[in-house]
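A.B. asks: Sharing a structure below in structure tokens format, with a few things to ask.
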Amino acid sequence: MVWFKRANPSIRTTDKRDTPEGLWSKCDSCGAALHKKQLEDHLYTCPDCGFHFRISPVLYFSFLFDGGKWEEFDGQLRAADPLGFVDTKNYPQRVRDTIAKSGKSEACRNATGVLDGSPLVVSAMDFGFIGGSMGSVVGEKIARAADRSVELNAPLIVISQSGGARMMEGAFSLMQMAKTSARLTRLGERGIPFISLMTDPTMGGISASFAMLGDLNLSEPKALIGFAGPRVIRDTIKRDLPEGFQRAEFLKEHGFVDTIVHRKDLRSQLIKLLGHMR
Amino acid sequence: MDFLLRSKHTMAAKVVLDFEKPLYELEEKLSEMRVYLKSGEVDSLSEGRSGLKREIEALEAKVESLRKTIYKNLTRWQKVQLARHPERPYTLDYIYMMMKDFVELSGDRNFGDDKAIIGGFARLADEATGFSQSVMVIGHQKGRDTKSNLYRNFGMAQPEGYRKALRLMKMAEKFRKPVITLIDTPGAFPGIEAEERGQAEAIARNLYEMASLKVPIICVIIGEGASGGAIGIGVGDRILMAENAWYSVISPESCSSILWRSWNFKEQAAEALKLTADDLLAQGIIDRIVTEPLGGAHHNPEEMAATLKAILIEELQGLLPKAPTTLVDERIAKFSLMGVWEES
Ligand SMILES: [Zn+2]
């Protein structure tokens, strides 16, 4: 394809467009004024109220892997337009615009690296690319991350951050739910740990496939997690939704999340958990 | 088939879709003319009985030609309407028309019994060839009127429906029986309790377990195949689809409301989503189309069921000899191929 620009290969820097611009920013939850340095030190969580800012795959990779070193794989995959999809904009144009505006190539990035001395595969989604929606590229990348984890006999961590399936690829998007789930069976039968980390949001076709299939389902605090969107539910049942509905804590209370992990503790918790599982 | 019989089926249809109206009006006229022909008054006409007969024949030809024109050129949205036709055969209709010895099995052994997904053992048998096979048949079940639709929740399953389906599939695996799923849902139910009981997890678990189930699975989209609620019982070795069914990641209405921010673009959304059986065959997502009687499955449910039954038997004969590991490997490989992307 000629229409995309190759993503900058020196990706081991913070993606500026994902973090608040300027020196000071305001916590979306408590309104506290937070200095850039403060945010970085707290891995983009609010030191006052614990609010978790949404961050990109690169940031997760940089604080999860030993020495902040990792290697991306399958970064060359780009969205095609199998349906010739046109809504208010045509799909290739939407993808082009998103790439140009965000500097991202798709809604998911794969990386291998080392965690506490052992190899690890991480696939991380990115809400900043068409709402983190899963089309063929995201599905294929997650499926290949599962393959890589089998090849390396290394645990797989998938970090979800998505509104659901990508409408513009129609049934192909739907099939990614089956594809990713099917390929994950290969880890299961080999006893390779698969840990799902659900961040804000993890909805629709994501929660209804790989995100809920972890040997361990972890979540960041207060992440929105669910099958149907809150608005759809409200419109269907015609009553207000309870406080905290579809938040990580609600999911844990109802038995679908093992543990809620503050981002600052994520790395140490994963080391501890994988120590038990391997 | 005898024209009168087909006409009777058409006339019996209480629900006439907008695009069927010209046809319906001609048929009504035709039927009035036939009544008139039988009455004594016709002899008073100057052309007499034979003249009216000629007129009827001409109109019959016109009706037949219009019927073909309409149903062979359906837009995607029109097919969606046919897929939702309230007289269309549903899962239990197919089971009773195609199978014997059906015993419905209830409950997920955990929470309750969902009425929007039904299942049980049944026998698929063909006396002519001597083929006879116990199967586990599972499907979404819609209702036909307000009361039964409330009972069936319009075919929108709760998590316990998907978990009942999984329980029955695991039992089929245990007793080495093939699984047949019939898909017909406007979506998994979006509700507070559904979320509390893990709608997402229930569907995800089914995808995972169906991918690795060690017995043959044939899935048939018989009506509506809406998103996660459909694929939640839709992972199989062979995916069949009724000619006028639809299958996609979202309904045209919801797609319209999200992408166009209005409910008024459902026709465009249906076109854009490419959600018909022809589309999905071209996309490599389904394996085979089940041809419907002209006008849709509800115009001749018996014929439709006979067609599907013959195809199911043929497909089962291809799958039953396969080793469990082959089935699973091929099934995973099949879904792995789905998707289109650019890779430099
Ligand atoms: Zn705060």
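A note on labels: chains of the structure tokens are A, B, ... as shown, every chain counts residues from 1, and ligands are counted from 1 in their shown order.
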Up to 7 Å from chain B, what residues of chain A turn up? Count only C-alpha atoms and give them as JSON, numbers by chain.
C.D. replies: {"A": [1, 76, 77, 78, 79, 80, 82, 83, 85, 86, 87, 88, 136, 137, 167, 170, 171, 172, 173, 174, 175, 178, 179, 181, 182, 183, 185, 205, 207, 208, 209, 210, 212, 213, 226, 227, 228, 232, 233, 237, 254, 256]}
A.B. asks: Determine, for each residue of chain A having at least one atom at most 10 Å from an atom of ligand 1, the closest pair of atoms and their separation in Å to one decimal, counting only C-alpha atoms and all ligand atoms; order by chain and ascending number, as JSON lines.
C.D. replies:
{"residue": "A:Lys26", "atom": "CA", "partner": "ligand 1", "partner_atom_place_in_ligand_line": "1 (Zn)", "distance": 8.0}
{"residue": "A:Cys27", "atom": "CA", "partner": "ligand 1", "partner_atom_place_in_ligand_line": "1 (Zn)", "distance": 4.6}
{"residue": "A:Asp28", "atom": "CA", "partner": "ligand 1", "partner_atom_place_in_ligand_line": "1 (Zn)", "distance": 6.6}
{"residue": "A:Ser29", "atom": "CA", "partner": "ligand 1", "partner_atom_place_in_ligand_line": "1 (Zn)", "distance": 5.0}
{"residue": "A:Cys30", "atom": "CA", "partner": "ligand 1", "partner_atom_place_in_ligand_line": "1 (Zn)", "distance": 4.0}
{"residue": "A:Gly31", "atom": "CA", "partner": "ligand 1", "partner_atom_place_in_ligand_line": "1 (Zn)", "distance": 5.9}
{"residue": "A:Ala32", "atom": "CA", "partner": "ligand 1", "partner_atom_place_in_ligand_line": "1 (Zn)", "distance": 5.5}
{"residue": "A:Ala33", "atom": "CA", "partner": "ligand 1", "partner_atom_place_in_ligand_line": "1 (Zn)", "distance": 8.5}
{"residue": "A:Leu34", "atom": "CA", "partner": "ligand 1", "partner_atom_place_in_ligand_line": "1 (Zn)", "distance": 8.7}
{"residue": "A:Thr45", "atom": "CA", "partner": "ligand 1", "partner_atom_place_in_ligand_line": "1 (Zn)", "distance": 7.7}
{"residue": "A:Cys46", "atom": "CA", "partner": "ligand 1", "partner_atom_place_in_ligand_line": "1 (Zn)", "distance": 4.5}
{"residue": "A:Pro47", "atom": "CA", "partner": "ligand 1", "partner_atom_place_in_ligand_line": "1 (Zn)", "distance": 6.7}
{"residue": "A:Asp48", "atom": "CA", "partner": "ligand 1", "partner_atom_place_in_ligand_line": "1 (Zn)", "distance": 5.1}
{"residue": "A:Cys49", "atom": "CA", "partner": "ligand 1", "partner_atom_place_in_ligand_line": "1 (Zn)", "distance": 4.0}
{"residue": "A:Gly50", "atom": "CA", "partner": "ligand 1", "partner_atom_place_in_ligand_line": "1 (Zn)", "distance": 5.9}
{"residue": "A:Phe51", "atom": "CA", "partner": "ligand 1", "partner_atom_place_in_ligand_line": "1 (Zn)", "distance": 5.2}
{"residue": "A:His52", "atom": "CA", "partner": "ligand 1", "partner_atom_place_in_ligand_line": "1 (Zn)", "distance": 8.4}
{"residue": "A:Phe53", "atom": "CA", "partner": "ligand 1", "partner_atom_place_in_ligand_line": "1 (Zn)", "distance": 9.6}
A.B. asks: Go ahead and dump the residues you just picked, N, CA and C atoms, as an mmCIF file, in the first residue's frame.
C.D. replies:
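So again_6.cif came out as:
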data_model
loop_
_atom_site.group_PDB
_atom_site.id
_atom_site.type_symbol
_atom_site.label_atom_id
_atom_site.label_comp_id
_atom_site.auth_asym_id
_atom_site.auth_seq_id
_atom_site.Cartn_x
_atom_site.Cartn_y
_atom_site.Cartn_z
ATOM 1 N N LYS A 26 -5.191 18.789 34.211
ATOM 2 C CA LYS A 26 -6.172 18.630 35.269
ATOM 3 C C LYS A 26 -6.660 17.195 35.323
ATOM 4 N N CYS A 27 -6.789 16.647 36.509
ATOM 5 C CA CYS A 27 -7.324 15.294 36.655
ATOM 6 C C CYS A 27 -8.788 15.287 36.189
ATOM 7 N N ASP A 28 -9.107 14.366 35.299
ATOM 8 C CA ASP A 28 -10.479 14.284 34.775
ATOM 9 C C ASP A 28 -11.488 13.948 35.869
ATOM 10 N N SER A 29 -11.008 13.356 36.942
ATOM 11 C CA SER A 29 -11.926 12.901 37.991
ATOM 12 C C SER A 29 -12.052 13.904 39.141
ATOM 13 N N CYS A 30 -10.931 14.292 39.747
ATOM 14 C CA CYS A 30 -11.030 15.162 40.931
ATOM 15 C C CYS A 30 -10.670 16.615 40.630
ATOM 16 N N GLY A 31 -10.151 16.856 39.434
ATOM 17 C CA GLY A 31 -9.857 18.224 39.047
ATOM 18 C C GLY A 31 -8.520 18.750 39.564
ATOM 19 N N ALA A 32 -7.764 17.910 40.247
ATOM 20 C CA ALA A 32 -6.472 18.347 40.780
ATOM 21 C C ALA A 32 -5.545 18.783 39.650
ATOM 22 N N ALA A 33 -4.781 19.844 39.888
ATOM 23 C CA ALA A 33 -3.788 20.291 38.907
ATOM 24 C C ALA A 33 -2.552 19.417 39.053
ATOM 25 N N LEU A 34 -2.154 18.810 37.950
ATOM 26 C CA LEU A 34 -1.049 17.851 38.020
ATOM 27 C C LEU A 34 0.084 18.267 37.087
ATOM 28 N N THR A 45 -1.426 8.272 36.505
ATOM 29 C CA THR A 45 -2.563 8.141 37.413
ATOM 30 C C THR A 45 -2.530 9.363 38.324
ATOM 31 N N CYS A 46 -3.680 9.715 38.854
ATOM 32 C CA CYS A 46 -3.747 10.901 39.707
ATOM 33 C C CYS A 46 -3.267 10.560 41.124
ATOM 34 N N PRO A 47 -2.245 11.272 41.610
ATOM 35 C CA PRO A 47 -1.744 10.988 42.961
ATOM 36 C C PRO A 47 -2.784 11.301 44.039
ATOM 37 N N ASP A 48 -3.736 12.161 43.713
ATOM 38 C CA ASP A 48 -4.743 12.535 44.710
ATOM 39 C C ASP A 48 -5.882 11.526 44.802
ATOM 40 N N CYS A 49 -6.481 11.171 43.632
ATOM 41 C CA CYS A 49 -7.682 10.324 43.685
ATOM 42 C C CYS A 49 -7.498 8.955 43.040
ATOM 43 N N GLY A 50 -6.365 8.720 42.418
ATOM 44 C CA GLY A 50 -6.117 7.405 41.823
ATOM 45 C C GLY A 50 -6.699 7.226 40.433
ATOM 46 N N PHE A 51 -7.245 8.307 39.870
ATOM 47 C CA PHE A 51 -7.798 8.208 38.511
ATOM 48 C C PHE A 51 -6.722 7.754 37.526
ATOM 49 N N HIS A 52 -7.090 6.811 36.664
ATOM 50 C CA HIS A 52 -6.155 6.307 35.657
ATOM 51 C C HIS A 52 -6.409 6.969 34.311
ATOM 52 N N PHE A 53 -5.435 7.763 33.862
ATOM 53 C CA PHE A 53 -5.531 8.307 32.510
ATOM 54 C C PHE A 53 -5.342 7.164 31.517
#
A.B. asks: For Val58 in chain A, which of A:Cys108, A:Asp41, A:Ala211, A:Arg94 is the closest residue, counting only C-alpha atoms?
C.D. replies: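 Among the listed residues, the smallest separation from Val58 in chain A belongs to A:Cys108.
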A.B. asks: Per DSSP on the backbone, filter range 253-292 of chain B down to the residues in alpha helix (DSSP H) and report them as a list of chain:residue names.
C.D. replies: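 These are the residues in question: B:Glu253, B:Ser254, B:Cys255, B:Ser256, B:Ser257, B:Ile258, B:Leu259, B:Lys266, B:Glu267, B:Gln268, B:Ala269, B:Ala270, B:Glu271, B:Ala272, B:Leu273, B:Ala277, B:Asp278, B:Asp279, B:Leu280, B:Leu281, B:Ala282.
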A.B. asks: Keeping only all heavy atoms, write those residues as a short mmCIF file (atom, residue, chain, number, x, y, z; two decimals), in the first residue's frame.
C.D. replies:
data_model
loop_
_atom_site.label_atom_id
_atom_site.label_comp_id
_atom_site.auth_asym_id
_atom_site.auth_seq_id
_atom_site.Cartn_x
_atom_site.Cartn_y
_atom_site.Cartn_z
N GLU B 253 -29.83 -0.81 11.79
CA GLU B 253 -30.38 0.32 12.56
C GLU B 253 -29.33 0.89 13.52
O GLU B 253 -29.13 2.11 13.59
CB GLU B 253 -31.61 -0.11 13.37
CG GLU B 253 -32.84 -0.39 12.52
CD GLU B 253 -32.94 -1.85 12.12
OE1 GLU B 253 -31.90 -2.52 12.04
OE2 GLU B 253 -34.07 -2.32 11.88
N SER B 254 -28.68 0.00 14.28
CA SER B 254 -27.68 0.48 15.24
C SER B 254 -26.50 1.11 14.52
O SER B 254 -25.95 2.11 14.97
CB SER B 254 -27.20 -0.66 16.13
OG SER B 254 -28.28 -1.23 16.80
N CYS B 255 -26.12 0.49 13.41
CA CYS B 255 -25.02 1.03 12.61
C CYS B 255 -25.36 2.44 12.14
O CYS B 255 -24.55 3.37 12.23
CB CYS B 255 -24.72 0.12 11.43
SG CYS B 255 -23.33 0.65 10.41
N SER B 256 -26.58 2.60 11.67
CA SER B 256 -27.06 3.91 11.22
C SER B 256 -26.99 4.92 12.36
O SER B 256 -26.51 6.04 12.19
CB SER B 256 -28.49 3.77 10.70
OG SER B 256 -29.12 5.03 10.61
N SER B 257 -27.44 4.50 13.53
CA SER B 257 -27.49 5.46 14.65
C SER B 257 -26.10 5.86 15.12
O SER B 257 -25.89 6.98 15.56
CB SER B 257 -28.33 4.89 15.80
OG SER B 257 -27.53 4.13 16.67
N ILE B 258 -25.15 4.94 15.01
CA ILE B 258 -23.80 5.28 15.47
C ILE B 258 -23.02 6.05 14.41
O ILE B 258 -22.46 7.12 14.68
CB ILE B 258 -23.02 4.00 15.88
CG1 ILE B 258 -23.70 3.35 17.10
CG2 ILE B 258 -21.56 4.34 16.21
CD1 ILE B 258 -23.17 1.97 17.44
N LEU B 259 -23.00 5.54 13.19
CA LEU B 259 -22.14 6.17 12.17
C LEU B 259 -22.79 7.38 11.50
O LEU B 259 -22.13 8.32 11.13
CB LEU B 259 -21.73 5.14 11.11
CG LEU B 259 -20.77 4.06 11.59
CD1 LEU B 259 -20.39 3.13 10.45
CD2 LEU B 259 -19.51 4.64 12.23
N LYS B 266 -30.82 3.23 7.72
CA LYS B 266 -30.70 1.79 7.84
C LYS B 266 -30.50 1.10 6.49
O LYS B 266 -29.76 0.13 6.39
CB LYS B 266 -31.87 1.19 8.59
CG LYS B 266 -33.24 1.58 8.08
CD LYS B 266 -34.31 1.10 9.06
CE LYS B 266 -35.71 1.23 8.50
NZ LYS B 266 -36.15 2.65 8.34
N GLU B 267 -31.15 1.63 5.44
CA GLU B 267 -30.95 1.04 4.11
C GLU B 267 -29.48 1.17 3.67
O GLU B 267 -28.88 0.21 3.21
CB GLU B 267 -31.84 1.73 3.05
CG GLU B 267 -33.30 1.32 3.11
CD GLU B 267 -34.13 2.30 3.93
OE1 GLU B 267 -33.54 3.07 4.72
OE2 GLU B 267 -35.37 2.27 3.81
N GLN B 268 -28.93 2.38 3.84
CA GLN B 268 -27.53 2.61 3.48
C GLN B 268 -26.62 1.73 4.34
O GLN B 268 -25.64 1.18 3.84
CB GLN B 268 -27.15 4.08 3.67
CG GLN B 268 -27.75 5.01 2.63
CD GLN B 268 -29.06 5.62 3.11
OE1 GLN B 268 -29.86 4.96 3.78
NE2 GLN B 268 -29.29 6.87 2.76
N ALA B 269 -26.94 1.65 5.63
CA ALA B 269 -26.12 0.84 6.54
C ALA B 269 -26.13 -0.62 6.11
O ALA B 269 -25.10 -1.30 6.10
CB ALA B 269 -26.59 1.00 7.97
N ALA B 270 -27.32 -1.11 5.73
CA ALA B 270 -27.43 -2.51 5.29
C ALA B 270 -26.57 -2.73 4.05
O ALA B 270 -25.88 -3.74 3.92
CB ALA B 270 -28.89 -2.87 5.01
N GLU B 271 -26.60 -1.77 3.12
CA GLU B 271 -25.77 -1.88 1.92
C GLU B 271 -24.29 -1.87 2.30
O GLU B 271 -23.51 -2.69 1.84
CB GLU B 271 -26.06 -0.72 0.96
CG GLU B 271 -27.41 -0.82 0.24
CD GLU B 271 -27.56 -2.08 -0.61
OE1 GLU B 271 -26.62 -2.40 -1.38
OE2 GLU B 271 -28.61 -2.75 -0.50
N ALA B 272 -23.91 -0.93 3.16
CA ALA B 272 -22.50 -0.78 3.53
C ALA B 272 -21.96 -2.01 4.26
O ALA B 272 -20.82 -2.42 4.04
CB ALA B 272 -22.32 0.46 4.39
N LEU B 273 -22.80 -2.61 5.10
CA LEU B 273 -22.34 -3.74 5.92
C LEU B 273 -22.16 -5.03 5.13
O LEU B 273 -21.52 -5.96 5.60
CB LEU B 273 -23.31 -3.98 7.09
CG LEU B 273 -23.24 -2.96 8.23
CD1 LEU B 273 -24.45 -3.10 9.16
CD2 LEU B 273 -21.95 -3.10 9.02
N ALA B 277 -26.41 -13.35 2.55
CA ALA B 277 -25.77 -14.65 2.36
C ALA B 277 -24.80 -14.61 1.17
O ALA B 277 -23.69 -15.14 1.25
CB ALA B 277 -26.83 -15.72 2.15
N ASP B 278 -25.21 -13.94 0.09
CA ASP B 278 -24.31 -13.81 -1.07
C ASP B 278 -23.03 -13.08 -0.67
O ASP B 278 -21.93 -13.48 -1.05
CB ASP B 278 -25.00 -13.01 -2.20
CG ASP B 278 -26.06 -13.83 -2.91
OD1 ASP B 278 -25.93 -15.07 -2.94
OD2 ASP B 278 -27.03 -13.24 -3.42
N ASP B 279 -23.19 -11.99 0.09
CA ASP B 279 -22.03 -11.23 0.54
C ASP B 279 -21.09 -12.09 1.37
O ASP B 279 -19.88 -12.11 1.16
CB ASP B 279 -22.47 -10.03 1.40
CG ASP B 279 -23.24 -8.98 0.61
OD1 ASP B 279 -22.95 -8.80 -0.59
OD2 ASP B 279 -24.12 -8.32 1.21
N LEU B 280 -21.67 -12.81 2.32
CA LEU B 280 -20.83 -13.57 3.25
C LEU B 280 -20.16 -14.76 2.59
O LEU B 280 -19.06 -15.13 2.97
CB LEU B 280 -21.65 -13.99 4.47
CG LEU B 280 -21.69 -12.81 5.43
CD1 LEU B 280 -23.04 -12.23 5.63
CD2 LEU B 280 -21.04 -13.16 6.74
N LEU B 281 -20.81 -15.31 1.56
CA LEU B 281 -20.17 -16.38 0.80
C LEU B 281 -18.95 -15.82 0.06
O LEU B 281 -17.88 -16.41 0.07
CB LEU B 281 -21.16 -17.01 -0.18
CG LEU B 281 -20.69 -18.28 -0.88
CD1 LEU B 281 -20.58 -19.44 0.12
CD2 LEU B 281 -21.63 -18.68 -2.02
N ALA B 282 -19.14 -14.66 -0.55
CA ALA B 282 -18.04 -14.01 -1.27
C ALA B 282 -16.90 -13.63 -0.32
O ALA B 282 -15.73 -13.67 -0.69
CB ALA B 282 -18.56 -12.76 -1.99
#
A.B. asks: Leaving out Ser123 in chain A and any residue of its chain fewer than 6 positions from it, which residues lie within 8 Å of it when counting only C-alpha atoms, given as a compact mmCIF listing (two decimals) with C-alpha atoms, in the first residue's frame?
C.D. replies:
# COMPACT_ATOMS: atom_id res chain seq x y z
CA CYS A 108 -3.17 -2.69 18.67
CA ARG A 109 0.58 -3.18 19.06
CA ASN A 110 2.49 -6.35 19.80
CA ALA A 111 5.77 -6.59 21.65
CA LYS A 141 -2.32 -9.17 15.68
CA ILE A 142 -3.83 -10.66 18.82
CA ALA A 145 0.60 -12.63 19.67
CA LEU A 156 0.82 -13.67 27.03
CA ILE A 157 -0.64 -10.47 28.38
CA VAL A 158 -3.32 -8.68 26.40
CA ILE A 159 -4.14 -5.14 27.49
A.B. asks: When distances are computed from only C-alpha atoms, which of A:Leu218, A:Leu64, A:Ala154, A:Leu43 shows the smallest separation from Ser268 in chain A?
C.D. replies: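 The answer is A:Leu64, which sits nearest to Ser268 in chain A.
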A.B. asks: Could you please write out, as a list of chain:residue names, every residue of range 127-217 of chain A that DSSP assigns to strand (DSSP E or B)?
C.D. replies: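 Strand (DSSP E or B) members of range 127-217 of chain A, listed: A:Met134, A:Leu156, A:Ile157, A:Val158, A:Ile159, A:Ser160, A:Gln161, A:Ser162, A:Ala165, A:Phe194, A:Ile195, A:Ser196, A:Leu197, A:Met198, A:Thr199, A:Asp200, A:Pro201, A:Thr202, A:Met203, A:Leu216, A:Asn217.
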A.B. asks: Per residue of range 8-91 of chain B within 7 Å of range 292-298 of chain B, what are the shortest atom pair and its distance in Å to one decimal, counting only C-alpha atoms, with rows by chain and residue number, as CSV?
C.D. replies:
residue,atom,partner,partner_atom,distance
B:Tyr71,CA,B:Gly295,CA,5.8
B:Leu82,CA,B:Gly296,CA,6.6
B:Glu87,CA,B:His298,CA,5.7
B:Arg88,CA,B:His298,CA,4.4
B:Pro89,CA,B:His298,CA,6.1
A.B. asks: Go ahead and write the residues just picked, N, CA and C atoms, as a short mmCIF file (atom, residue, chain, number, x, y, z; two decimals), in the first residue's frame.
C.D. replies:
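Printed below is again_30.cif as written:
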data_model
loop_
_atom_site.label_atom_id
_atom_site.label_comp_id
_atom_site.auth_asym_id
_atom_site.auth_seq_id
_atom_site.Cartn_x
_atom_site.Cartn_y
_atom_site.Cartn_z
N TYR B 71 -38.44 -10.78 -6.11
CA TYR B 71 -37.64 -11.57 -5.18
C TYR B 71 -36.23 -11.89 -5.68
N LEU B 82 -37.03 -9.61 5.19
CA LEU B 82 -37.48 -11.00 5.03
C LEU B 82 -36.94 -11.87 6.16
N GLU B 87 -43.57 -14.55 10.04
CA GLU B 87 -44.05 -15.90 9.74
C GLU B 87 -42.93 -16.84 9.32
N ARG B 88 -41.73 -16.35 9.40
CA ARG B 88 -40.58 -17.16 9.01
C ARG B 88 -40.43 -18.35 9.96
N PRO B 89 -40.02 -19.52 9.43
CA PRO B 89 -39.80 -20.64 10.36
C PRO B 89 -38.68 -20.34 11.36
#
A.B. asks: Kindly give the distance, in Å, that separates CA of Gly204 in chain A and CA of Ala248 in chain A, rounded to a single decimal.
C.D. replies: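 About the pair CA of Gly204 in chain A and CA of Ala248 in chain A: they are 15.0 Å apart.
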A.B. asks: Which polymer residues have any atom within 10 Å of an atom of Asp113 in chain B, counting only C-alpha atoms, with same-chain residues fewer than 3 positions away left out, as a VMD selection string?
C.D. replies: chain B and resid 105 to 110 116 to 118 158 160 to 161 163 to 164
A.B. asks: Can you pull out the residues contacting Asn217 in chain A? Cut-off 7 Å, using only C-alpha atoms, and skip same-chain residues under 2 positions away; I want them as a PyMOL selection string.
C.D. replies: chain A and resi 195-197+212+214-215+219+257-258
A.B. asks: Would you put the residues from that selection into a file with all heavy atoms, as a PDB file, in the first residue's frame?
C.D. replies:
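File written: part29.pdb
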ATOM      1  N   ILE A 195      -2.871 -13.765  30.563  1.00  0.00           N
ATOM      2  CA  ILE A 195      -3.442 -12.790  31.499  1.00  0.00           C
ATOM      3  C   ILE A 195      -4.080 -11.661  30.706  1.00  0.00           C
ATOM      4  O   ILE A 195      -3.464 -11.089  29.807  1.00  0.00           O
ATOM      5  CB  ILE A 195      -2.360 -12.243  32.452  1.00  0.00           C
ATOM      6  CG1 ILE A 195      -1.835 -13.385  33.340  1.00  0.00           C
ATOM      7  CG2 ILE A 195      -2.922 -11.109  33.307  1.00  0.00           C
ATOM      8  CD1 ILE A 195      -0.732 -12.985  34.288  1.00  0.00           C
ATOM      9  N   SER A 196      -5.340 -11.395  31.015  1.00  0.00           N
ATOM     10  CA  SER A 196      -6.045 -10.304  30.363  1.00  0.00           C
ATOM     11  C   SER A 196      -6.098  -9.125  31.317  1.00  0.00           C
ATOM     12  O   SER A 196      -6.540  -9.257  32.452  1.00  0.00           O
ATOM     13  CB  SER A 196      -7.462 -10.774  30.007  1.00  0.00           C
ATOM     14  OG  SER A 196      -8.262  -9.661  29.647  1.00  0.00           O
ATOM     15  N   LEU A 197      -5.630  -7.981  30.845  1.00  0.00           N
ATOM     16  CA  LEU A 197      -5.762  -6.751  31.632  1.00  0.00           C
ATOM     17  C   LEU A 197      -6.771  -5.858  30.938  1.00  0.00           C
ATOM     18  O   LEU A 197      -6.560  -5.433  29.803  1.00  0.00           O
ATOM     19  CB  LEU A 197      -4.413  -6.022  31.750  1.00  0.00           C
ATOM     20  CG  LEU A 197      -4.508  -4.636  32.421  1.00  0.00           C
ATOM     21  CD1 LEU A 197      -4.866  -4.751  33.900  1.00  0.00           C
ATOM     22  CD2 LEU A 197      -3.208  -3.849  32.249  1.00  0.00           C
ATOM     23  N   MET A 212     -12.198 -11.572  28.186  1.00  0.00           N
ATOM     24  CA  MET A 212     -12.793 -12.306  29.312  1.00  0.00           C
ATOM     25  C   MET A 212     -12.218 -13.714  29.445  1.00  0.00           C
ATOM     26  O   MET A 212     -12.679 -14.493  30.278  1.00  0.00           O
ATOM     27  CB  MET A 212     -14.315 -12.389  29.137  1.00  0.00           C
ATOM     28  CG  MET A 212     -15.055 -11.187  29.678  1.00  0.00           C
ATOM     29  SD  MET A 212     -14.955 -11.118  31.481  1.00  0.00           S
ATOM     30  CE  MET A 212     -15.520  -9.444  31.748  1.00  0.00           C
ATOM     31  N   GLY A 214      -9.022 -14.655  30.020  1.00  0.00           N
ATOM     32  CA  GLY A 214      -7.760 -14.820  30.729  1.00  0.00           C
ATOM     33  C   GLY A 214      -7.835 -15.929  31.762  1.00  0.00           C
ATOM     34  O   GLY A 214      -8.881 -16.162  32.366  1.00  0.00           O
ATOM     35  N   ASP A 215      -6.683 -16.613  31.951  1.00  0.00           N
ATOM     36  CA  ASP A 215      -6.593 -17.461  33.141  1.00  0.00           C
ATOM     37  C   ASP A 215      -6.819 -16.550  34.330  1.00  0.00           C
ATOM     38  O   ASP A 215      -7.448 -16.922  35.308  1.00  0.00           O
ATOM     39  CB  ASP A 215      -5.206 -18.106  33.217  1.00  0.00           C
ATOM     40  CG  ASP A 215      -4.956 -19.051  32.061  1.00  0.00           C
ATOM     41  OD1 ASP A 215      -5.787 -19.956  31.867  1.00  0.00           O
ATOM     42  OD2 ASP A 215      -3.959 -18.869  31.338  1.00  0.00           O
ATOM     43  N   SER A 219      -7.948  -5.937  36.060  1.00  0.00           N
ATOM     44  CA  SER A 219      -8.516  -4.694  35.566  1.00  0.00           C
ATOM     45  C   SER A 219      -7.862  -3.514  36.255  1.00  0.00           C
ATOM     46  O   SER A 219      -7.421  -3.615  37.400  1.00  0.00           O
ATOM     47  CB  SER A 219     -10.016  -4.684  35.839  1.00  0.00           C
ATOM     48  OG  SER A 219     -10.526  -3.412  35.546  1.00  0.00           O
ATOM     49  N   VAL A 257     -13.829 -10.483  37.375  1.00  0.00           N
ATOM     50  CA  VAL A 257     -12.466  -9.940  37.426  1.00  0.00           C
ATOM     51  C   VAL A 257     -11.799 -10.508  38.674  1.00  0.00           C
ATOM     52  O   VAL A 257     -12.385 -10.496  39.752  1.00  0.00           O
ATOM     53  CB  VAL A 257     -12.515  -8.390  37.474  1.00  0.00           C
ATOM     54  CG1 VAL A 257     -11.182  -7.814  37.923  1.00  0.00           C
ATOM     55  CG2 VAL A 257     -12.907  -7.824  36.106  1.00  0.00           C
ATOM     56  N   ASP A 258     -10.575 -11.036  38.494  1.00  0.00           N
ATOM     57  CA  ASP A 258      -9.890 -11.629  39.641  1.00  0.00           C
ATOM     58  C   ASP A 258      -9.411 -10.577  40.620  1.00  0.00           C
ATOM     59  O   ASP A 258      -9.593 -10.694  41.822  1.00  0.00           O
ATOM     60  CB  ASP A 258      -8.675 -12.448  39.151  1.00  0.00           C
ATOM     61  CG  ASP A 258      -9.108 -13.715  38.473  1.00  0.00           C
ATOM     62  OD1 ASP A 258      -9.464 -14.653  39.188  1.00  0.00           O
ATOM     63  OD2 ASP A 258      -9.109 -13.761  37.227  1.00  0.00           O
TER      64      ASP A 258
END
A.B. asks: Taking only C-alpha atoms into account, which of A:Lys272, A:Arg54, A:Lys36, A:His262 comes nearest Pro201 in chain A?
C.D. replies: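 Once distances to Pro201 in chain A are computed over only C-alpha atoms, the minimum belongs to A:Arg54.
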A.B. asks: Taking only C-alpha atoms into account, name the residue in B:Leu66, B:Ala242, B:Met156, B:Leu320 that is nearest to Ala305 in chain B.
C.D. replies: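 Of the candidates, the smallest distance to Ala305 in chain B is held by B:Ala242.
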